[in-house]
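Engineer: Data: upload.csv, CSV, C-alpha atoms and all ligand atoms.
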chain,number,residue,atom,x,y,z
Z,26,MET,CA,-10.7,-14.5,-0.6
Z,27,SER,CA,-13.1,-12.3,1.4
Z,28,SER,CA,-13.9,-8.7,1.2
Z,29,LEU,CA,-13.0,-6.1,3.7
Z,30,LEU,CA,-16.3,-4.3,3.3
Z,31,THR,CA,-18.2,-7.5,3.8
Z,32,ALA,CA,-16.3,-8.2,7.0
Z,33,LEU,CA,-17.2,-4.7,8.2
Z,34,GLU,CA,-20.8,-5.4,7.6
Z,35,ASN,CA,-20.6,-8.6,9.7
Z,36,LYS,CA,-18.6,-7.1,12.5
Z,37,LYS,CA,-19.1,-3.5,13.6
Z,38,VAL,CA,-15.4,-2.9,14.4
Z,39,LEU,CA,-12.4,-4.8,13.2
Z,40,ILE,CA,-9.2,-4.9,15.1
Z,41,SER,CA,-6.0,-4.6,13.0
Z,42,ASP,CA,-2.4,-5.3,13.9
Z,43,GLY,CA,0.3,-3.1,15.5
Z,44,ALA,CA,3.8,-1.9,14.5
Z,45,TRP,CA,6.0,-3.9,12.1
Z,46,GLY,CA,9.1,-1.7,11.8
Z,47,THR,CA,10.1,-1.5,15.5
Z,48,PHE,CA,9.3,-5.2,15.8
Z,49,LEU,CA,11.7,-6.1,12.9
Z,50,HIS,CA,14.5,-4.2,14.6
Z,51,GLN,CA,13.8,-6.0,17.9
Z,52,ARG,CA,14.2,-9.3,15.9
Z,53,GLY,CA,17.6,-8.2,14.6
Z,54,LEU,CA,17.0,-6.0,11.5
Z,55,GLU,CA,20.0,-3.7,11.5
Z,56,PRO,CA,19.7,0.1,10.7
Z,57,GLY,CA,20.3,0.5,7.0
Z,58,GLU,CA,19.1,-3.0,6.2
Z,59,CYS,CA,16.2,-3.4,3.8
Z,60,PRO,CA,13.1,-4.6,5.8
Z,61,GLU,CA,11.4,-6.1,2.7
Z,62,LEU,CA,14.5,-8.3,1.9
Z,63,TRP,CA,13.7,-10.1,5.1
Z,64,ASN,CA,10.7,-11.6,3.4
Z,65,SER,CA,13.2,-13.7,1.5
Z,66,THR,CA,16.2,-14.0,3.9
Z,67,HIS,CA,14.3,-14.1,7.3
Z,68,ARG,CA,10.9,-15.5,6.3
Z,69,GLY,CA,10.5,-17.2,9.7
Z,70,GLU,CA,11.1,-13.9,11.6
Z,71,VAL,CA,8.5,-12.0,9.5
Z,72,TYR,CA,6.0,-14.9,9.9
Z,73,ALA,CA,6.5,-14.7,13.7
Z,74,ILE,CA,5.5,-11.0,13.7
Z,75,ALA,CA,2.4,-11.6,11.5
Z,76,LYS,CA,1.4,-14.6,13.6
Z,77,SER,CA,1.9,-12.8,16.9
Z,78,TYR,CA,-0.8,-10.3,15.9
Z,79,ILE,CA,-3.2,-13.0,14.8
Z,80,ASP,CA,-2.6,-14.8,18.1
Z,81,ALA,CA,-3.3,-11.4,19.9
Z,82,GLY,CA,-6.8,-11.5,18.3
Z,83,ALA,CA,-6.4,-9.2,15.3
Z,84,ASP,CA,-9.1,-9.6,12.6
Z,85,VAL,CA,-6.8,-8.0,10.0
Z,86,ILE,CA,-3.1,-8.0,9.5
Z,87,LEU,CA,-0.8,-6.1,7.1
Z,88,THR,CA,2.2,-7.2,5.2
Z,89,ASN,CA,6.0,-6.4,5.4
Z,90,SER,CA,5.9,-4.4,2.2
Z,91,PHE,CA,5.6,-0.8,3.4
Z,92,GLY,CA,8.9,0.2,1.6
Z,93,GLY,CA,8.3,-2.3,-1.3
Z,94,SER,CA,7.9,0.2,-4.1
Z,95,PRO,CA,10.6,0.0,-6.8
Z,96,THR,CA,11.6,3.5,-5.9
Z,97,LYS,CA,12.3,2.6,-2.3
Z,98,LEU,CA,13.9,-0.7,-3.1
Z,99,LYS,CA,16.3,1.1,-5.4
Z,100,HIS,CA,18.1,2.5,-2.4
Z,101,TYR,CA,19.3,-1.1,-1.7
Z,102,GLY,CA,19.8,-2.0,-5.4
Z,103,LEU,CA,16.8,-4.3,-5.1
Z,104,GLN,CA,14.3,-2.7,-7.5
Z,105,ASP,CA,14.5,-5.7,-9.8
Z,106,ARG,CA,13.1,-7.9,-7.0
Z,107,THR,CA,10.0,-5.7,-6.4
Z,108,ALA,CA,7.5,-8.4,-7.5
Z,109,GLU,CA,9.3,-11.3,-5.7
Z,110,LEU,CA,9.7,-9.4,-2.3
Z,111,ASN,CA,6.1,-8.1,-2.4
Z,112,GLU,CA,4.6,-11.5,-3.3
Z,113,ALA,CA,6.7,-13.1,-0.5
Z,114,ALA,CA,5.4,-10.4,2.0
Z,115,ALA,CA,1.8,-11.2,1.1
Z,116,SER,CA,2.2,-15.0,1.2
Z,117,ILE,CA,3.8,-14.8,4.7
Z,118,SER,CA,0.9,-12.8,6.1
Z,119,ARG,CA,-1.6,-15.0,4.3
Z,120,GLU,CA,0.0,-18.1,5.8
Z,121,ALA,CA,-0.2,-16.5,9.3
Z,122,ALA,CA,-3.8,-15.2,8.8
Z,123,GLY,CA,-5.2,-18.4,7.4
Z,124,ALA,CA,-8.5,-18.2,5.5
Z,125,ASP,CA,-10.6,-16.7,8.3
Z,126,HIS,CA,-8.6,-13.5,8.9
Z,127,LEU,CA,-8.0,-10.6,6.4
Z,128,VAL,CA,-4.7,-9.5,5.0
Z,129,LEU,CA,-4.1,-6.0,3.7
Z,130,GLY,CA,-1.1,-5.4,1.5
Z,131,SER,CA,0.8,-2.4,2.8
Z,132,ILE,CA,2.0,0.2,0.3
Z,133,GLY,CA,3.9,3.2,1.8
Z,134,PRO,CA,5.1,6.4,0.2
Z,135,THR,CA,8.0,6.4,-2.2
Z,136,GLY,CA,9.9,9.3,-0.6
Z,137,VAL,CA,10.0,11.2,-4.0
Z,138,MET,CA,7.8,14.1,-4.9
Z,139,LEU,CA,5.8,14.4,-8.0
Z,140,MET,CA,5.3,18.1,-7.6
Z,141,MET,CA,9.1,18.6,-7.4
Z,142,GLY,CA,9.5,16.7,-10.7
Z,143,GLU,CA,11.6,14.1,-9.0
Z,144,ILE,CA,9.7,11.3,-10.7
Z,145,SER,CA,7.2,11.1,-13.5
Z,146,GLU,CA,3.6,10.2,-13.0
Z,147,GLU,CA,4.0,7.2,-15.3
Z,148,THR,CA,7.0,5.7,-13.4
Z,149,LEU,CA,5.2,6.2,-10.1
Z,150,TYR,CA,2.0,4.6,-11.4
Z,151,GLU,CA,3.9,1.6,-12.9
Z,152,GLY,CA,5.7,1.1,-9.7
Z,153,PHE,CA,2.6,1.0,-7.5
Z,154,SER,CA,0.9,-1.2,-10.1
Z,155,LEU,CA,3.7,-3.7,-9.9
Z,156,GLN,CA,3.7,-3.7,-6.2
Z,157,ALA,CA,-0.1,-4.1,-5.8
Z,158,GLU,CA,-0.2,-6.9,-8.4
Z,159,ALA,CA,2.5,-8.8,-6.6
Z,160,LEU,CA,0.7,-8.4,-3.3
Z,161,LYS,CA,-2.4,-9.7,-4.9
Z,162,LYS,CA,-0.5,-12.7,-6.3
Z,163,GLY,CA,0.8,-13.4,-2.8
Z,164,GLY,CA,-2.8,-13.6,-1.5
Z,165,VAL,CA,-3.9,-10.3,0.1
Z,166,ASP,CA,-7.6,-9.5,0.4
Z,167,ALA,CA,-7.2,-5.7,-0.1
Z,168,ILE,CA,-4.6,-3.1,-0.4
Z,169,CYS,CA,-3.7,-0.5,2.2
Z,170,VAL,CA,-2.0,2.7,0.9
Z,171,GLU,CA,-0.6,4.2,4.1
Z,172,THR,CA,1.3,7.0,5.8
Z,173,MET,CA,0.6,9.3,2.9
Z,174,SER,CA,1.1,13.1,3.0
Z,175,ALA,CA,0.8,14.2,-0.6
Z,176,LEU,CA,-2.5,14.0,-2.4
Z,177,ASP,CA,-1.0,13.4,-5.9
Z,178,GLU,CA,1.1,10.4,-4.8
Z,179,ALA,CA,-1.7,8.9,-2.7
Z,180,CYS,CA,-4.3,9.2,-5.5
Z,181,LEU,CA,-1.9,7.6,-7.9
Z,182,ALA,CA,-1.2,4.8,-5.5
Z,183,VAL,CA,-4.9,4.2,-4.9
Z,184,ARG,CA,-5.8,4.3,-8.6
Z,185,ALA,CA,-2.9,2.0,-9.6
Z,186,SER,CA,-3.8,-0.5,-6.9
Z,187,ARG,CA,-7.5,-0.5,-8.0
Z,188,GLU,CA,-6.7,-0.8,-11.6
Z,189,ALA,CA,-3.9,-3.4,-11.2
Z,190,THR,CA,-5.8,-5.7,-8.8
Z,191,GLY,CA,-9.5,-4.9,-8.8
Z,192,LEU,CA,-9.3,-5.3,-5.0
Z,193,GLU,CA,-10.7,-2.9,-2.4
Z,194,VAL,CA,-8.2,-0.2,-1.4
Z,195,ALA,CA,-7.9,1.5,1.9
Z,196,CYS,CA,-5.9,4.7,2.1
Z,197,THR,CA,-4.6,6.5,5.2
Z,198,PHE,CA,-2.7,9.8,5.7
Z,199,THR,CA,-0.5,10.9,8.6
Z,200,PHE,CA,-1.5,14.2,10.2
Z,201,GLU,CA,0.2,16.5,12.6
Z,202,LYS,CA,-1.4,19.3,14.7
Z,203,THR,CA,-0.1,22.7,13.5
Z,204,VAL,CA,0.6,25.7,15.8
Z,205,ASN,CA,-3.0,26.9,14.8
Z,206,GLY,CA,-4.4,23.7,16.2
Z,207,GLU,CA,-5.4,22.3,12.8
Z,208,PHE,CA,-4.5,18.8,11.5
Z,209,ARG,CA,-2.4,18.9,8.4
Z,210,THR,CA,-0.1,16.5,6.7
Z,211,MET,CA,3.6,17.4,6.1
Z,212,MET,CA,2.4,18.6,2.7
Z,213,GLY,CA,-0.3,20.8,4.1
Z,214,VAL,CA,-3.3,18.5,3.4
Z,215,SER,CA,-6.3,18.6,5.7
Z,216,PRO,CA,-8.5,15.6,6.6
Z,217,ALA,CA,-11.4,17.0,4.5
Z,218,GLU,CA,-9.1,17.4,1.4
Z,219,MET,CA,-7.9,13.9,1.9
Z,220,VAL,CA,-11.4,12.4,2.0
Z,221,ARG,CA,-12.5,14.1,-1.2
Z,222,ALA,CA,-9.4,13.2,-3.2
Z,223,ILE,CA,-8.8,9.6,-2.2
Z,224,LYS,CA,-12.5,8.7,-2.5
Z,225,GLU,CA,-12.5,10.1,-6.0
Z,226,ALA,CA,-9.4,8.0,-6.7
Z,227,GLY,CA,-11.3,4.9,-5.7
Z,228,ALA,CA,-10.5,4.3,-2.0
Z,229,SER,CA,-13.3,2.4,-0.3
Z,230,VAL,CA,-11.8,2.7,3.2
Z,231,ILE,CA,-10.3,6.0,4.4
Z,232,GLY,CA,-8.4,7.0,7.5
Z,233,THR,CA,-5.3,7.9,9.3
Z,234,ASN,CA,-2.2,6.3,10.7
Z,235,CYS,CA,1.0,7.1,12.6
Z,236,GLY,CA,2.0,10.5,14.0
Z,237,ASN,CA,-0.6,10.5,16.8
Z,238,GLY,CA,-1.9,8.6,19.8
Z,239,PHE,CA,-5.6,7.8,20.4
Z,240,ASP,CA,-6.4,11.2,21.8
Z,241,GLN,CA,-5.6,13.1,18.6
Z,242,MET,CA,-6.9,10.2,16.4
Z,243,ILE,CA,-10.3,10.7,18.0
Z,244,ASP,CA,-10.2,14.4,17.0
Z,245,ILE,CA,-9.1,13.5,13.4
Z,246,VAL,CA,-11.9,10.9,13.1
Z,247,HIS,CA,-14.5,13.5,14.2
Z,248,GLU,CA,-13.1,15.8,11.5
Z,249,ILE,CA,-13.4,13.1,8.8
Z,250,ARG,CA,-16.9,12.2,10.0
Z,251,SER,CA,-18.0,15.8,9.7
Z,252,VAL,CA,-17.5,15.6,6.0
Z,253,ASP,CA,-18.2,11.9,5.4
Z,254,PRO,CA,-20.6,10.1,7.6
Z,255,ILE,CA,-20.5,6.8,5.7
Z,256,THR,CA,-17.1,5.6,4.4
Z,257,PRO,CA,-15.4,3.1,6.8
Z,258,ILE,CA,-12.5,4.6,8.7
Z,259,LEU,CA,-9.3,2.8,9.5
Z,260,VAL,CA,-7.1,4.1,12.3
Z,261,HIS,CA,-3.6,2.9,13.1
Z,262,ALA,CA,-2.5,5.0,16.2
Z,263,ASN,CA,0.9,5.3,17.7
Z,264,ALA,CA,1.4,4.4,21.3
Z,265,GLY,CA,1.2,8.1,22.2
Z,266,LYS,CA,3.7,10.8,21.2
Z,267,PRO,CA,7.3,9.6,21.2
Z,268,LEU,CA,9.5,10.8,24.0
Z,269,PHE,CA,13.3,10.9,24.0
Z,270,GLN,CA,14.6,9.4,27.1
Z,271,ASN,CA,18.3,8.6,27.7
Z,272,GLY,CA,19.0,8.9,23.9
Z,273,ALA,CA,16.3,6.5,23.0
Z,274,THR,CA,12.8,6.9,21.5
Z,275,VAL,CA,10.1,5.7,23.9
Z,276,PHE,CA,6.4,5.5,23.2
Z,277,PRO,CA,4.6,6.2,26.4
Z,278,GLU,CA,1.2,4.6,26.1
Z,279,THR,CA,0.8,1.2,27.6
Z,280,PRO,CA,-1.7,-1.4,26.3
Z,281,GLU,CA,-4.0,-0.5,29.1
Z,282,MET,CA,-3.9,3.2,28.4
Z,283,MET,CA,-4.7,2.7,24.8
Z,284,ALA,CA,-7.5,0.2,25.6
Z,285,ALA,CA,-9.1,2.7,27.9
Z,286,LYS,CA,-9.7,5.1,25.0
Z,287,VAL,CA,-10.7,2.6,22.3
Z,288,GLN,CA,-14.5,2.9,23.0
Z,289,GLU,CA,-14.3,6.6,22.5
Z,290,LEU,CA,-12.5,6.1,19.2
Z,291,VAL,CA,-15.3,3.7,18.1
Z,292,LYS,CA,-17.9,6.3,19.2
Z,293,SER,CA,-16.1,9.0,17.1
Z,294,GLY,CA,-16.7,6.8,14.0
Z,295,ALA,CA,-13.7,4.5,13.5
Z,296,ASN,CA,-14.4,1.1,12.1
Z,297,ILE,CA,-11.0,-0.6,11.8
Z,298,ILE,CA,-8.6,0.0,14.7
Z,299,GLY,CA,-5.0,-1.0,15.2
Z,300,GLY,CA,-1.6,0.4,16.1
Z,301,CYS,CA,1.4,2.0,14.5
Z,302,CYS,CA,4.8,3.0,15.9
Z,303,GLY,CA,5.4,1.7,19.5
Z,304,THR,CA,2.4,-0.7,19.6
Z,305,THR,CA,2.9,-4.4,20.2
Z,306,PRO,CA,0.8,-7.6,20.3
Z,307,ALA,CA,0.1,-6.7,23.9
Z,308,HIS,CA,-1.5,-3.5,22.8
Z,309,ILE,CA,-3.6,-5.3,20.2
Z,310,ARG,CA,-4.6,-8.0,22.8
Z,311,GLN,CA,-5.9,-5.2,25.2
Z,312,LEU,CA,-7.8,-3.5,22.4
Z,313,VAL,CA,-9.6,-6.8,21.6
Z,314,ARG,CA,-10.4,-7.3,25.2
Z,315,ALA,CA,-11.7,-3.8,25.6
Z,316,LEU,CA,-13.9,-4.0,22.5
Z,317,ARG,CA,-15.4,-7.4,23.4
Z,318,VAL,CA,-17.0,-5.9,26.5
Z,319,CYS,CA,-18.6,-2.9,24.7
X,1,ZN,ZN,3.9,4.8,12.7
Once you've parsed the file, please lay out its structure as structure tokens.
Ligand SMILES: [Zn+2]
Structural biologist:
Amino acid sequence: MSSLLTALENKKVLISDGAWGTFLHQRGLEPGECPELWNSTHRGEVYAIAKSYIDAGADVILTNSFGGSPTKLKHYGLQDRTAELNEAAASISREAAGADHLVLGSIGPTGVMLMMGEISEETLYEGFSLQAEALKKGGVDAICVETMSALDEACLAVRASREATGLEVACTFTFEKTVNGEFRTMMGVSPAEMVRAIKEAGASVIGTNCGNGFDQMIDIVHEIRSVDPITPILVHANAGKPLFQNGATVFPETPEMMAAKVQELVKSGANIIGGCCGTTPAHIRQLVRALRVC
């Protein structure tokens, strides 16, 4: 098992994978179906997604476990299978990545709010611990707590992951530009506030995912770098801002459009770069190509 930080020392920039959710739907996941259950029922389909990103040239891939917390799995009556489904997610990505690529175990938000008293800190902590432990058992190299918007939940997830596994933990938040032109999460957290809190909780890689295309990600990375010049930054950008065309959501940025901006993202201070909603193996392949020449 190799370390994410060591890999970053050896290679200035690591390329990560692209979207999973939209990809699963393309492969037949029905709306209302549990994506993580596919780690058990459609192992081959999940493997094909992981492998397609490795084949596209990604150095790092994630796992199909974004909604794998017991709180999320409970919506499908699957909370008792938390350990099994997360371990399976990790082992599928591990198999696709082999020994020479890195696997980050994805942990997403639970959808319940601590500050509203919807769940206790203990329950939330135990859930994240269980998920992280199972991801480690399945073979991940590090954990990626992602798409966060609340500081309390993110910090708890980072701490639980660290304490349950001893692995390095990356943590990324999703920001939106407010009417005042400032970046804030849905819960009102600024990039600077995020940096302070998640580093204190034990994150060794920080960053941002979803919600924005490369243009705004560049601005967010500048903002993070203004308060933290050192900590590695992970960016998973959407293929631009979604547009609604003929009743469907369309992500406008082509692989070439994203690749044209990747060097600027690197210059702004990003160290691990991949895609979120709307990105495909074709996007990742173009990013790899664009970075190889820089
Ligand atoms: Zn996304």
Engineer: Counting all atoms listed in the file, which of Z:Thr172, Z:Ser28, Z:Ser293, Z:Ser154 gets nearest to Z:Glu188?
Structural biologist: Z:Ser154
Engineer: Between Z:Ala226, Z:Ala262, Z:Leu316, Z:Leu39, which has the minimum distance to ligand ZN 1 (chain X) (counting only C-alpha atoms and all ligand atoms)?
Structural biologist: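 For ligand ZN 1 (chain X), the nearest of the given residues is Z:Ala262.
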Engineer: What is the atom CA of Z:Phe48-atom CA of Z:Gly164 distance in Å, reported with one decimal?
Structural biologist: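 For atom CA of Z:Phe48 relative to atom CA of Z:Gly164, the distance reads 22.7 Å.
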Engineer: Counting all atoms listed in the file, figure out which residue out of Z:Leu110, Z:Val137, Z:Met212, Z:Met173 gets nearest to ligand ZN 1 (chain X).
Structural biologist: Z:Met173
Engineer: Tell me, counting all atoms listed in the file, for each residue of chain Z within 10 Å of ligand ZN 1 (chain X), which pair of atoms is nearest and how far apart they are in Å to one decimal, in rows ordered by chain and increasing number, as a Markdown table.
Structural biologist:
| residue | atom | partner | partner_atom | distance |
| --- | --- | --- | --- | --- |
| Z:Gly43 | CA | X:ZN1 | ZN | 9.1 |
| Z:Ala44 | CA | X:ZN1 | ZN | 6.9 |
| Z:Trp45 | CA | X:ZN1 | ZN | 9.0 |
| Z:Gly46 | CA | X:ZN1 | ZN | 8.4 |
| Z:Thr47 | CA | X:ZN1 | ZN | 9.3 |
| Z:Glu171 | CA | X:ZN1 | ZN | 9.7 |
| Z:Thr172 | CA | X:ZN1 | ZN | 7.7 |
| Z:Thr199 | CA | X:ZN1 | ZN | 8.6 |
| Z:Asn234 | CA | X:ZN1 | ZN | 6.6 |
| Z:Cys235 | CA | X:ZN1 | ZN | 3.7 |
| Z:Gly236 | CA | X:ZN1 | ZN | 6.1 |
| Z:Asn237 | CA | X:ZN1 | ZN | 8.3 |
| Z:Gly238 | CA | X:ZN1 | ZN | 9.9 |
| Z:His261 | CA | X:ZN1 | ZN | 7.7 |
| Z:Ala262 | CA | X:ZN1 | ZN | 7.3 |
| Z:Asn263 | CA | X:ZN1 | ZN | 5.9 |
| Z:Ala264 | CA | X:ZN1 | ZN | 9.0 |
| Z:Gly300 | CA | X:ZN1 | ZN | 7.8 |
| Z:Cys301 | CA | X:ZN1 | ZN | 4.2 |
| Z:Cys302 | CA | X:ZN1 | ZN | 3.8 |
| Z:Gly303 | CA | X:ZN1 | ZN | 7.6 |
| Z:Thr304 | CA | X:ZN1 | ZN | 9.0 |
